[in-house]
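Enquirer: For reference, this is data.csv, and it has CSV, C-alpha atoms.
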chain,number,residue,atom,x,y,z
J,1,MET,CA,17.0,-26.5,13.6
J,2,GLN,CA,15.6,-30.1,13.1
J,3,THR,CA,12.5,-29.1,14.9
J,4,LEU,CA,12.0,-26.1,12.7
J,5,HIS,CA,12.4,-28.3,9.6
J,6,LYS,CA,9.4,-30.4,10.7
J,7,GLU,CA,7.2,-27.4,11.4
J,8,LYS,CA,5.0,-25.8,8.8
J,9,LEU,CA,6.4,-22.5,7.8
J,10,TYR,CA,4.2,-19.6,6.5
J,11,LEU,CA,5.4,-16.6,4.5
J,12,GLY,CA,3.4,-13.4,4.5
J,13,ILE,CA,4.2,-10.8,1.8
J,14,ASP,CA,2.9,-7.2,1.7
J,15,GLY,CA,3.9,-5.8,-1.7
J,16,GLY,CA,3.1,-2.1,-2.2
J,17,GLY,CA,4.3,0.6,-4.5
J,18,THR,CA,7.1,1.7,-2.3
J,19,ARG,CA,8.3,-1.4,-0.5
J,20,CYS,CA,7.9,-5.2,-0.2
J,21,ARG,CA,7.8,-6.6,3.3
J,22,ALA,CA,8.1,-10.3,4.3
J,23,ARG,CA,7.4,-12.2,7.5
J,24,ILE,CA,8.0,-15.9,8.2
J,25,VAL,CA,6.1,-17.6,11.1
J,26,ASN,CA,5.9,-21.2,12.2
J,27,ASP,CA,2.7,-23.1,12.8
J,28,ALA,CA,2.4,-21.7,16.3
J,29,GLY,CA,2.5,-18.2,14.9
J,30,ILE,CA,5.9,-17.3,16.3
J,31,VAL,CA,7.7,-14.8,14.1
J,32,LEU,CA,11.0,-16.3,12.9
J,33,GLY,CA,12.2,-13.6,10.5
J,34,GLU,CA,11.3,-10.4,8.7
J,35,ALA,CA,12.7,-8.3,5.9
J,36,THR,CA,12.0,-5.3,3.7
J,37,ARG,CA,13.0,-4.4,0.2
J,38,GLY,CA,11.8,-2.3,-2.8
J,39,GLY,CA,8.3,-1.9,-4.3
J,40,ALA,CA,6.3,-4.9,-5.4
J,41,ASN,CA,3.3,-3.5,-7.2
J,42,THR,CA,2.5,-5.9,-10.0
J,43,ARG,CA,2.4,-3.0,-12.5
J,44,LEU,CA,6.1,-2.7,-12.1
J,45,GLY,CA,6.4,-6.0,-14.0
J,46,ILE,CA,5.8,-9.5,-12.9
J,47,ASP,CA,9.4,-10.6,-13.1
J,48,HIS,CA,10.5,-7.5,-11.1
J,49,VAL,CA,7.8,-8.2,-8.5
J,50,PHE,CA,8.7,-11.8,-8.0
J,51,GLY,CA,12.4,-10.9,-7.9
J,52,GLU,CA,11.6,-8.6,-5.0
J,53,ILE,CA,9.4,-11.2,-3.3
J,54,ILE,CA,12.0,-13.9,-3.5
J,55,ALA,CA,14.8,-11.6,-2.4
J,56,THR,CA,12.8,-10.3,0.5
J,57,ALA,CA,11.7,-13.8,1.5
J,58,THR,CA,15.4,-15.0,1.3
J,59,MET,CA,16.4,-12.1,3.6
J,60,ALA,CA,13.7,-13.2,6.1
J,61,LEU,CA,14.9,-16.7,6.0
J,62,ASP,CA,18.4,-15.5,6.7
J,63,GLU,CA,17.2,-13.6,9.7
J,64,ALA,CA,15.4,-16.8,10.9
J,65,GLY,CA,18.7,-18.7,10.5
J,66,LEU,CA,17.3,-20.8,7.7
J,67,ALA,CA,19.0,-21.5,4.3
J,68,LYS,CA,17.7,-20.2,1.0
J,69,PRO,CA,16.6,-23.7,-0.1
J,70,ARG,CA,13.9,-23.5,2.6
J,71,LEU,CA,12.0,-21.3,0.2
J,72,ALA,CA,10.5,-24.5,-1.0
J,73,ASP,CA,9.0,-25.2,2.5
J,74,LEU,CA,7.2,-21.9,2.7
J,75,HIS,CA,3.4,-21.7,2.3
J,76,ALA,CA,3.1,-18.1,1.0
J,77,GLY,CA,0.3,-15.6,1.2
J,78,LEU,CA,1.0,-12.8,-1.2
J,79,GLY,CA,-0.8,-9.5,-0.8
J,80,LEU,CA,0.2,-7.4,-3.7
J,81,ALA,CA,-0.8,-3.9,-5.0
J,82,GLY,CA,-2.1,-4.1,-8.6
J,83,LEU,CA,-4.0,-7.4,-8.2
J,84,SER,CA,-7.3,-5.7,-8.6
J,85,LEU,CA,-6.5,-6.0,-12.4
J,86,GLU,CA,-7.5,-9.4,-13.8
J,87,ARG,CA,-4.5,-9.5,-16.1
J,88,GLU,CA,-2.2,-9.1,-13.2
J,89,ARG,CA,-3.9,-11.8,-11.2
J,90,LYS,CA,-3.5,-14.2,-14.1
J,91,LEU,CA,0.2,-13.4,-14.5
J,92,ALA,CA,0.8,-13.8,-10.8
J,93,LYS,CA,-1.0,-17.1,-10.5
J,94,ALA,CA,0.9,-18.5,-13.6
J,95,TYR,CA,4.3,-17.5,-12.3
J,96,LYS,CA,6.6,-20.4,-11.5
J,97,HIS,CA,7.4,-19.5,-7.9
J,98,PRO,CA,9.7,-21.4,-5.6
J,99,PHE,CA,7.3,-21.8,-2.7
J,100,ALA,CA,5.6,-24.9,-1.3
J,101,SER,CA,2.3,-23.2,-2.1
J,102,ALA,CA,1.1,-19.7,-2.9
J,103,CYS,CA,-2.2,-17.8,-2.8
J,104,PHE,CA,-2.8,-14.3,-3.9
J,105,ALA,CA,-4.9,-11.3,-2.9
J,106,THR,CA,-4.7,-7.5,-3.2
J,107,ASP,CA,-2.7,-5.8,-0.5
J,108,ALA,CA,-5.9,-4.1,0.6
J,109,TYR,CA,-7.6,-7.5,1.2
J,110,THR,CA,-4.7,-8.8,3.3
J,111,ALA,CA,-4.5,-5.5,5.2
J,112,CYS,CA,-8.2,-5.8,6.0
J,113,LEU,CA,-7.8,-9.4,7.2
J,114,GLY,CA,-4.9,-8.3,9.4
J,115,ALA,CA,-6.6,-5.1,10.7
J,116,HIS,CA,-9.6,-7.0,12.0
J,117,ASN,CA,-7.9,-10.3,12.7
J,118,GLY,CA,-10.1,-12.1,10.1
J,119,ALA,CA,-13.3,-10.6,11.4
J,120,ASP,CA,-15.7,-8.3,9.5
J,121,GLY,CA,-14.6,-4.7,9.0
J,122,ALA,CA,-13.1,-2.3,6.5
J,123,ILE,CA,-9.9,-0.5,5.9
J,124,LEU,CA,-8.5,2.3,3.9
J,125,ILE,CA,-4.8,2.2,3.0
J,126,VAL,CA,-3.5,5.7,2.5
J,127,GLY,CA,0.1,5.8,1.5
J,128,THR,CA,1.8,6.2,-1.9
J,129,GLY,CA,-1.5,5.0,-3.3
J,130,THR,CA,-5.0,4.5,-1.8
J,131,CYS,CA,-7.3,1.5,-1.6
J,132,GLY,CA,-10.4,0.7,0.4
J,133,GLN,CA,-11.5,-2.8,1.3
J,134,ALA,CA,-14.5,-4.1,3.2
J,135,ILE,CA,-15.2,-7.8,4.2
J,136,VAL,CA,-18.7,-8.2,5.6
J,137,LYS,CA,-20.5,-11.6,6.0
J,138,GLY,CA,-18.4,-13.1,3.3
J,139,ARG,CA,-19.1,-10.3,0.9
J,140,GLU,CA,-16.3,-8.0,-0.4
J,141,LEU,CA,-16.1,-4.4,-1.6
J,142,ALA,CA,-13.0,-2.9,-3.0
J,143,LEU,CA,-12.8,0.8,-3.8
J,144,ALA,CA,-10.1,3.0,-5.5
J,145,GLY,CA,-6.7,1.4,-6.0
J,146,TRP,CA,-6.9,1.6,-9.8
J,147,GLY,CA,-3.6,3.3,-10.1
J,148,PHE,CA,-1.9,6.6,-9.8
J,149,GLU,CA,-2.9,7.8,-13.3
J,150,ILE,CA,-6.6,7.5,-12.9
J,151,SER,CA,-7.4,6.8,-9.3
J,152,ASP,CA,-6.0,7.1,-5.7
J,153,ILE,CA,-6.9,10.8,-5.5
J,154,GLY,CA,-6.3,10.8,-1.7
J,155,SER,CA,-2.8,9.3,-1.9
J,156,GLY,CA,0.6,10.7,-1.2
J,157,ALA,CA,1.6,10.3,-4.8
J,158,ARG,CA,-1.4,12.4,-6.0
J,159,ILE,CA,-0.8,15.0,-3.3
J,160,GLY,CA,2.8,15.3,-4.5
J,161,ARG,CA,1.8,15.5,-8.2
J,162,CYS,CA,-0.8,18.1,-7.5
J,163,ALA,CA,1.7,20.2,-5.6
J,164,ILE,CA,4.1,20.1,-8.5
J,165,GLU,CA,1.4,20.9,-11.0
J,166,THR,CA,0.3,23.9,-8.9
J,167,ALA,CA,3.9,25.0,-8.5
J,168,LEU,CA,4.4,25.0,-12.3
J,169,LEU,CA,1.2,27.0,-12.8
J,170,ALA,CA,2.3,29.5,-10.2
J,171,HIS,CA,5.7,29.8,-11.8
J,172,GLU,CA,4.0,30.9,-15.0
J,173,THR,CA,1.8,33.3,-12.9
J,174,LEU,CA,-1.4,31.4,-13.9
J,175,VAL,CA,-2.4,30.9,-10.3
J,176,PRO,CA,-1.2,32.5,-7.1
J,177,SER,CA,2.1,31.4,-5.6
J,178,SER,CA,3.0,30.5,-2.0
J,179,ASP,CA,5.9,29.3,0.1
J,180,LEU,CA,5.0,25.8,-1.0
J,181,THR,CA,5.0,26.5,-4.8
J,182,ARG,CA,8.2,28.5,-4.5
J,183,ALA,CA,9.9,25.7,-2.5
J,184,ILE,CA,9.0,23.1,-5.1
J,185,MET,CA,10.2,25.3,-8.0
J,186,LYS,CA,13.5,25.8,-6.1
J,187,HIS,CA,13.9,22.0,-5.9
J,188,PHE,CA,13.8,22.0,-9.7
J,189,ASN,CA,16.1,25.1,-9.9
J,190,ASP,CA,13.1,27.2,-11.0
J,191,THR,CA,13.4,25.4,-14.4
J,192,PRO,CA,10.2,23.9,-15.9
J,193,GLU,CA,12.3,21.7,-18.2
J,194,LYS,CA,13.7,19.9,-15.1
J,195,ILE,CA,10.1,19.1,-14.0
J,196,VAL,CA,9.4,17.7,-17.5
J,197,ALA,CA,12.5,15.5,-17.2
J,198,PHE,CA,11.4,14.4,-13.8
J,199,ALA,CA,7.9,13.6,-15.0
J,200,GLU,CA,9.2,11.5,-17.9
J,201,LYS,CA,10.7,8.9,-15.6
J,202,ALA,CA,8.9,9.5,-12.2
J,203,ARG,CA,7.0,6.7,-10.6
J,204,PRO,CA,4.2,7.2,-8.0
J,205,ALA,CA,6.7,6.9,-5.1
J,206,ASP,CA,8.8,9.7,-6.7
J,207,TYR,CA,5.8,12.0,-6.6
J,208,GLY,CA,5.1,10.9,-3.0
J,209,THR,CA,8.5,12.3,-1.8
J,210,PHE,CA,6.9,15.8,-2.2
J,211,CYS,CA,4.0,15.0,0.0
J,212,PRO,CA,5.7,15.9,3.3
J,213,MET,CA,6.4,19.3,1.9
J,214,VAL,CA,2.7,19.9,1.5
J,215,PHE,CA,1.8,18.9,5.0
J,216,ASP,CA,4.7,21.0,6.4
J,217,ALA,CA,3.5,24.0,4.4
J,218,ASP,CA,-0.1,23.4,5.7
J,219,LEU,CA,1.2,23.5,9.3
J,220,ASN,CA,2.7,26.9,8.5
J,221,GLY,CA,-0.7,28.2,7.2
J,222,ASP,CA,-0.1,27.8,3.5
J,223,THR,CA,-3.5,28.0,1.8
J,224,ILE,CA,-2.4,26.3,-1.4
J,225,ALA,CA,-1.2,23.4,0.6
J,226,ALA,CA,-4.4,23.3,2.6
J,227,ASN,CA,-6.5,23.2,-0.7
J,228,ILE,CA,-4.4,20.3,-2.0
J,229,ILE,CA,-4.8,18.4,1.2
J,230,ASP,CA,-8.6,19.1,1.2
J,231,LEU,CA,-8.9,17.4,-2.1
J,232,ALA,CA,-7.3,14.3,-0.7
J,233,VAL,CA,-9.3,14.3,2.5
J,234,THR,CA,-12.6,14.6,0.5
J,235,ALA,CA,-11.7,11.6,-1.7
J,236,ASN,CA,-10.7,9.5,1.3
J,237,ARG,CA,-13.8,10.5,3.3
J,238,ASN,CA,-16.1,9.5,0.4
J,239,ILE,CA,-14.4,6.0,0.3
J,240,LEU,CA,-14.8,5.5,4.0
J,241,ARG,CA,-18.5,6.5,3.9
J,242,LYS,CA,-19.1,4.1,1.1
J,243,LEU,CA,-17.5,1.3,3.1
J,244,ARG,CA,-19.7,2.1,6.0
J,245,ASP,CA,-22.8,2.0,3.8
J,246,PHE,CA,-21.7,-1.4,2.7
J,247,GLY,CA,-22.2,-2.6,6.2
J,248,ALA,CA,-18.7,-2.3,7.8
J,249,GLU,CA,-19.2,-1.2,11.4
J,250,GLN,CA,-15.5,-0.8,12.1
J,251,LEU,CA,-13.1,1.1,10.0
J,252,SER,CA,-9.3,1.3,10.2
J,253,LEU,CA,-7.0,3.7,8.5
J,254,MET,CA,-3.6,2.2,7.5
J,255,GLY,CA,-0.5,3.5,5.7
J,256,GLY,CA,1.9,6.3,6.0
J,257,LEU,CA,-0.7,9.1,5.8
J,258,SER,CA,-3.2,7.4,8.2
J,259,ASP,CA,-2.5,9.8,11.1
J,260,GLN,CA,-2.8,12.9,8.9
J,261,MET,CA,-6.1,11.7,7.5
J,262,THR,CA,-7.6,10.5,10.7
J,263,LYS,CA,-7.4,13.9,12.4
J,264,ARG,CA,-9.1,15.5,9.4
J,265,MET,CA,-12.1,13.1,9.2
J,266,PRO,CA,-15.6,14.3,10.2
J,267,ASP,CA,-17.3,13.0,13.3
J,268,ASP,CA,-19.4,10.4,11.5
J,269,ILE,CA,-16.3,8.7,10.3
J,270,ARG,CA,-14.2,9.1,13.4
J,271,VAL,CA,-16.7,7.4,15.7
J,272,ALA,CA,-16.3,4.2,13.5
J,273,LEU,CA,-12.5,4.3,13.4
J,274,VAL,CA,-10.6,1.7,15.4
J,275,PRO,CA,-6.9,0.9,15.5
J,276,ALA,CA,-5.8,-1.9,13.3
J,277,GLN,CA,-5.3,-5.1,15.5
J,278,ASN,CA,-2.6,-6.4,13.2
J,279,ASP,CA,-0.8,-5.4,10.0
J,280,ALA,CA,-1.1,-6.5,6.4
J,281,LEU,CA,1.7,-9.1,6.9
J,282,HIS,CA,-0.5,-10.8,9.6
J,283,GLY,CA,-3.3,-10.8,7.1
J,284,ALA,CA,-1.2,-12.3,4.4
J,285,ILE,CA,-0.2,-15.1,6.8
J,286,LEU,CA,-3.8,-15.7,7.7
J,287,LEU,CA,-4.5,-16.0,4.0
J,288,ALA,CA,-1.7,-18.5,3.6
J,289,GLN,CA,-2.8,-20.6,6.6
J,290,ASN,CA,-6.5,-20.7,5.4
J,291,HIS,CA,-5.4,-21.6,1.9
J,292,HIS,CA,-3.1,-24.4,3.1
J,293,LYS,CA,-5.8,-25.9,5.4
J,294,VAL,CA,-8.4,-25.9,2.6
J,295,SER,CA,-6.0,-27.4,0.0
J,296,ALA,CA,-4.4,-30.0,2.4
Since I need it in another form, could you write the structure as structure tokens?
Expert:
Amino acid sequence: MQTLHKEKLYLGIDGGGTRCRARIVNDAGIVLGEATRGGANTRLGIDHVFGEIIATATMALDEAGLAKPRLADLHAGLGLAGLSLERERKLAKAYKHPFASACFATDAYTACLGAHNGADGAILIVGTGTCGQAIVKGRELALAGWGFEISDIGSGARIGRCAIETALLAHETLVPSSDLTRAIMKHFNDTPEKIVAFAEKARPADYGTFCPMVFDADLNGDTIAANIIDLAVTANRNILRKLRDFGAEQLSLMGGLSDQMTKRMPDDIRVALVPAQNDALHGAILLAQNHHKVSA
């Protein structure tokens, strides 16, 4: 334990819309502890986000056999969804965190660092939301990731919302129905008012819970499900092509829908796809290590 106390400790945070993950490593890169809690998109509120970050980091410390006061010894790299917005970056940087040091980036940036182990390349995160990121010769390009309401068309949340919208239209016989639309309406007891009540409080992750129903229906030949998925595939394909045009020779798909999207990509995209070397937590730790070395 005394040896650990003398070592530099690095904290990587991957904060997305659905979950916040933490990893603590020592200066040799050995993983000491990991933990996962609820969502940490900055749009959920900066106090909420840092509450999740600190709680998750504390759980990781506990797994490492270290006490909570050791938060003050952690050099943190925080990759957070929502930091593409300047107002959120300012709030995050101004927050009085308990760490030895902290640096911030979007979760897409840290995912890109991790996927290509700090080398040039690009990624597309496809999960509850979507966000593309390229890092090429010191230049950066970020695409999508502007939020569920106006962006992230290829995401699980948007797929789920589109399915609910279509189900409601089908319920009113304004568009054809299918097994998918009927299953969704059954979930809401065939009552549009229940959908309204759901929508009044629903977050992107809540819509995302309907996404698996769409892919299951597609497997069973449901054409409405196929059309919904095609919209998402087209949006994600366009992002990946733009990242390639920027100069990224290697692309990695990451996130809960990465497998579903990979098999639906055209050949010009698939030839450039490579497995991610590491995850976003590794990228967040690289960010923290680089920041600490520069500022030391």
Enquirer: Enter the distance from CA of Lys263 in chain J to CA of Val233 in chain J, in Å, rounded to one decimal.
Expert: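 The value is 10.1 Å.
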Enquirer: As a ChimeraX atom specification, please: the residues near Ala280 in chain J (cut-off 12 Å, all atoms listed in the file, same-chain neighbours under 5 positions excluded).
Expert: /J:12-16,20-23,77-81,105-118,123-125,252-255,285-287
Enquirer: In Å, how far is it from CA of Leu243 in chain J to CA of Arg139 in chain J?
Expert: 11.9 Å
Enquirer: Could you check the closest approach to Phe50 in chain J for each of J:Phe104, J:Phe210, J:Tyr95, J:Phe148 and tell me which residue wins, using all atoms listed in the file?
Expert: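 So, comparing all the options, the nearest one is J:Tyr95.
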Enquirer: With all atoms listed in the file as the basis for distance, which of J:Ala232, J:Ala35, J:Glu140, J:Gln260 is at the shortest distance from Leu219 in chain J?
Expert: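 Counting all atoms listed in the file, the residue closest to Leu219 in chain J is J:Gln260.
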Enquirer: Could you tell me how far CA of Thr166 in chain J lies from CA of Thr130 in chain J, in Å and to one decimal?
Expert: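 Between these atoms lies a distance of 21.3 Å.
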Enquirer: Measuring between all atoms listed in the file, which one of J:Ser84, J:Asn41, J:Gln250, J:Asn26 shows the shortest distance to Val271 in chain J?
Expert: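 The answer is J:Gln250, which sits nearest to Val271 in chain J.
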Enquirer: With all atoms listed in the file as the atoms that count, which of J:Ser155, J:Ile184, J:Ala28, J:Pro98 lies nearest to Lys68 in chain J?
Expert: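 Once distances to Lys68 in chain J are computed over all atoms listed in the file, the minimum belongs to J:Pro98.
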Enquirer: Which residues are close to Ala272 in chain J, i.e. within 10 Å by only C-alpha atoms, leaving aside same-chain residues fewer than 5 positions away? Reply as a list in words.
Expert: Leu240, Arg244, Ala248, Glu249, Gln250, Leu251, Ser252 and Asp267 of chain J
Enquirer: Could you tell me which of J:Met261, J:Ile46, J:Ala55, J:Leu9 comes closest to Leu273 in chain J if we count all atoms listed in the file?
Expert: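 Of the candidates, the smallest distance to Leu273 in chain J is held by J:Met261.
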Enquirer: Give the answer as one residue: which of J:Ala288, J:Leu44, J:Ile159, J:Ala235 has the shortest atom-to-atom distance to Ala100 in chain J, using only C-alpha atoms?
Expert: J:Ala288
Enquirer: Write out as a list in words which residues come within 10 Å of Arg158 in chain J when counting all atoms listed in the file, dropping same-chain ones fewer than 5 positions away.
Expert: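 These residues fall inside the cut-off: Thr128, Gly129, Thr130, Phe148, Glu149, Ile150, Ser151, Asp152, Ile153, Ala163, Ile164, Pro204, Ala205, Tyr207, Gly208, Phe210, Cys211, Ile228, Ile229, Leu231 and Ala232 of chain J.
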Enquirer: With all atoms listed in the file as the counted atoms, please give the residues lying no more than 8 Å from Gly82 in chain J, apart from itself and same-chain residues fewer than 4 positions off, as number ranges by chain.
Expert: J: 41-43, 88, 106, 145-147
Enquirer: Would you kindly return, as a VMD selection string, each protein, DNA or RNA residue with an atom no farther than 9 Å from any atom of Pro212 in chain J, considering only C-alpha atoms and excluding same-chain residues fewer than 5 positions away?
Expert: chain J and resid 156 160 217
